[in-house]
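Since the structure comes first, as structure tokens, the remarks are kept for the end.
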Amino acid sequence: MTTHHPPRHRILALSGSLRRDSHNRRLLEAAIRHAPGNLQITLYDDLADVPIFNEDREAAQLRQGGVRRLREAVVNADGLLIATPEYNQSMPGVLKNAIDWLSRPGPDDPLTGKPAAIMGASTGRWGTRLAQAALRQTLAATESLVMPAPMLFVRDAEQAFDNAGELRDPAMRESLHELLLAFSLWIERAGTTAVRSMSNPHANSSFARLASNQ
Ligand code: FNR
């Protein structure tokens, strides 16, 4: 008798905050602990090694060091899980800078057609609504496949986690779990029907080219 194992998806988790005690890192660590069995989530810890984008130095930096490591990690992942803080009603520069590097053409094309799920924690009352909207817009420009829903906004982040790093509110914990379950379905659909039906091979886009080569 053969046993059927559902596919395991490798997820790269990116925090938009480099802070050691970051609430967004905590949120991703909670996601790792409570991930459904078919998601293997790994936290990317080296965003601080990604230099500030400067087109004059792009060719030299694209294929080495922190940029190369980040691009390879994204290429090798089946999906991205991003937790962003909100800085001045948008995403932090660290995250935007990383996405700018990932969006550049190179030997690989890390973001085109890449499934992504976003969430965020902030100490403010709106829980990263504007940061997530900005992130969604930027990822659309890169032709990533951003899951539209469910969304997760962790507000008042200083009170949101207990000492063990768990979300205190059971409804919030449930929402995180639902987001992860939905993301595994999103990845499966992105790999099959979504890629074929959403793409227009005549459109002038990297995503359309990727889809038509399948
Ligand atoms: C913030 N913070 C913040 N919060 C918010 O809800 N809306 C905002 O516009 C801003 N703006 C802002 C700007 C800057 C420069 C900083 C440093 C902070 C608060 C921020 O969301 C809070 O510090 C989060 O806890 C940061 O995320 P981590 O580091 O805990 O993951």
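Chain lettering (A, B, ...) mirrors the order of the structure tokens, residue numbering begins at 1 for each chain separately, and ligand numbering begins at 1 in order of display.
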Go through chain A and flag each residue having an atom no more than 9 Å from ligand 1; for those, report the closest pair of atoms plus their distance in Å to one decimal, using only C-alpha atoms and all ligand atoms, ordered by chain and rising number, as CSV.
residue,atom,partner,partner_atom_place_in_ligand_line,distance
A:Ser15,CA,ligand 1,31 (O),7.3
A:Gly16,CA,ligand 1,31 (O),6.9
A:Ser17,CA,ligand 1,29 (O),4.7
A:Leu18,CA,ligand 1,29 (O),6.7
A:Arg19,CA,ligand 1,29 (O),5.0
A:Arg20,CA,ligand 1,29 (O),7.8
A:Asp21,CA,ligand 1,30 (O),6.6
A:Ser22,CA,ligand 1,30 (O),3.7
A:His23,CA,ligand 1,30 (O),3.8
A:Asn24,CA,ligand 1,31 (O),3.9
A:Arg25,CA,ligand 1,31 (O),6.1
A:Arg26,CA,ligand 1,31 (O),7.8
A:Leu27,CA,ligand 1,31 (O),8.6
A:Ala83,CA,ligand 1,31 (O),8.0
A:Thr84,CA,ligand 1,31 (O),6.9
A:Pro85,CA,ligand 1,27 (O),4.3
A:Glu86,CA,ligand 1,21 (O),4.4
A:Tyr87,CA,ligand 1,11 (N),3.5
A:Asn88,CA,ligand 1,9 (O),3.4
A:Gln89,CA,ligand 1,9 (O),3.8
A:Ser90,CA,ligand 1,9 (O),6.6
A:Met91,CA,ligand 1,9 (O),8.8
A:Pro92,CA,ligand 1,15 (C),7.7
A:Gly120,CA,ligand 1,31 (O),8.1
A:Ala121,CA,ligand 1,27 (O),6.4
A:Ser122,CA,ligand 1,21 (O),3.7
A:Thr123,CA,ligand 1,22 (C),4.8
A:Gly124,CA,ligand 1,6 (O),3.5
A:Arg125,CA,ligand 1,6 (O),6.2
A:Trp126,CA,ligand 1,6 (O),5.9
A:Gly127,CA,ligand 1,6 (O),5.7
A:Thr128,CA,ligand 1,6 (O),5.6
A:Arg129,CA,ligand 1,6 (O),8.2
A:Leu130,CA,ligand 1,7 (N),7.9
A:Ala131,CA,ligand 1,7 (N),7.9
A:Arg155,CA,ligand 1,6 (O),7.4
A:Asp156,CA,ligand 1,6 (O),8.3
A:Ala157,CA,ligand 1,25 (O),6.3
A:Glu158,CA,ligand 1,25 (O),7.2
Item to check | Among listed residues A:Pro7, A:Gly106, A:Pro115, A:Pro148, nearest Gly79 (chain A) (using only C-alpha atoms) | outcome: A:Pro115
Next on the checklist: I'd like the contact shell of Ala149 (chain A) - 9 Å cut-off, only C-alpha atoms, skipping same-chain residues fewer than 5 positions apart - returned as a PyMOL selection string.
Outcome noted: chain A and resi 117+179+182
Go ahead and save the residues from that selection, with N, CA and C atoms, as a PDB file, in the first residue's frame.
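Listing of again-v3.pdb after writing:
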ATOM      1  N   ALA A 117       2.507  35.935   0.955  1.00  0.00           N
ATOM      2  CA  ALA A 117       1.460  36.294   1.924  1.00  0.00           C
ATOM      3  C   ALA A 117       2.034  37.360   2.833  1.00  0.00           C
ATOM      4  N   LEU A 179      -4.612  32.114   8.033  1.00  0.00           N
ATOM      5  CA  LEU A 179      -3.783  32.724   6.983  1.00  0.00           C
ATOM      6  C   LEU A 179      -2.799  31.689   6.425  1.00  0.00           C
ATOM      7  N   ALA A 182      -4.631  29.078   4.329  1.00  0.00           N
ATOM      8  CA  ALA A 182      -5.002  29.678   3.040  1.00  0.00           C
ATOM      9  C   ALA A 182      -3.770  29.817   2.145  1.00  0.00           C
TER      10      ALA A 182
END
Next on the checklist: Which residue is closest to Leu185 (chain A)? Choose from A:Val50, A:Ala133, A:Met147, A:Ala60 and count only C-alpha atoms.
Outcome noted: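 Checking each candidate against Leu185 (chain A), we get A:Met147 as the closest.
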Item to check | All strand (DSSP E) residues (DSSP, backbone) inside region 75-206 of chain A, as a ChimeraX atom specification | outcome: /A:79-83,115-121,145-146,153-154
Item to check | Expected answer as a PyMOL selection string: helix (DSSP H, G or I) residues in region 94-199 of chain A | outcome: chain A and resi 94-102+129-141+157-160+170-198
Checklist entry - Which is closest to Ile32 (chain A) among A:Ala13, A:Ala190, A:Arg136, A:Thr142, if we use only C-alpha atoms? => result A:Ala13
Checklist outcome for this item: Restricting to only C-alpha atoms, whichever of A:Gly93, A:Gly165, A:Pro105, A:Gly37 is closest to Ser184 (chain A) is A:Gly37
Checklist entry - How many Å separate CA of Lys114 (chain A) from CA of Ala30 (chain A)? => result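 So the two atoms, CA of Lys114 (chain A) and CA of Ala30 (chain A), lie 22.7 Å apart.
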Next on the checklist: Report, in Å to a single decimal, how far apart CA of Pro110 (chain A) and CA of Asp45 (chain A) are.
Outcome noted: 17.7 Å
Item to check | Surrounding residues of Ala116 (chain A) excluding itself and chain neighbours under 4 positions, 10 Å, only C-alpha atoms, as an MDAnalysis selection string | outcome: chainID A and resid 11:13 78:82 111 136 139 144:148 183 186:187
Item to check | Coordinates-based distance that separates CA of Arg8 (chain A) from CA of Asn38 (chain A) (Å, one decimal) | outcome: 4.4 Å
Next on the checklist: Could you check the closest approach to Trp101 (chain A) for each of A:Pro170, A:Gly113, A:Pro150, A:Pro51 and tell me which residue wins, using only C-alpha atoms?
Outcome noted: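 Looking only at the distances to Trp101 (chain A), the closest residue turns out to be A:Pro51.
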Next on the checklist: List as a PyMOL selection string the protein and nucleic acid residues near Arg69 (chain A), meaning an atom at most 10 Å away when only C-alpha atoms are counted, but skip any in the same chain fewer than 6 places from it.
Outcome noted: chain A and resi 44+46-47+49-50+62-63+75
Restricting the output to N, CA and C atoms, write the selected residues as an mmCIF file, in the first residue's frame.
data_model
loop_
_atom_site.group_PDB
_atom_site.id
_atom_site.type_symbol
_atom_site.label_atom_id
_atom_site.label_comp_id
_atom_site.auth_asym_id
_atom_site.auth_seq_id
_atom_site.Cartn_x
_atom_site.Cartn_y
_atom_site.Cartn_z
ATOM 1 N N TYR A 44 14.412 34.212 7.336
ATOM 2 C CA TYR A 44 15.628 34.756 6.722
ATOM 3 C C TYR A 44 16.203 35.808 7.656
ATOM 4 N N ASP A 46 19.239 37.537 7.401
ATOM 5 C CA ASP A 46 20.381 38.320 6.931
ATOM 6 C C ASP A 46 20.004 39.556 6.123
ATOM 7 N N LEU A 47 18.817 40.103 6.359
ATOM 8 C CA LEU A 47 18.435 41.302 5.573
ATOM 9 C C LEU A 47 19.382 42.469 5.837
ATOM 10 N N ASP A 49 22.413 42.445 5.778
ATOM 11 C CA ASP A 49 23.578 42.359 4.880
ATOM 12 C C ASP A 49 23.275 42.831 3.463
ATOM 13 N N VAL A 50 22.052 43.269 3.230
ATOM 14 C CA VAL A 50 21.701 43.729 1.879
ATOM 15 C C VAL A 50 22.033 45.226 1.783
ATOM 16 N N LEU A 62 24.981 42.596 -7.463
ATOM 17 C CA LEU A 62 23.855 41.671 -7.706
ATOM 18 C C LEU A 62 24.257 40.209 -7.523
ATOM 19 N N ARG A 63 25.498 39.905 -7.893
ATOM 20 C CA ARG A 63 25.900 38.494 -7.923
ATOM 21 C C ARG A 63 26.759 38.087 -6.740
ATOM 22 N N VAL A 75 14.579 32.519 -4.627
ATOM 23 C CA VAL A 75 14.405 31.621 -5.778
ATOM 24 C C VAL A 75 14.101 30.202 -5.308
#
Next on the checklist: Restricting the calculation to only C-alpha atoms: of A:Leu14, A:Leu39, A:Leu180, A:Leu70, which residue gets closest to Ser103 (chain A)?
Outcome noted: A:Leu70
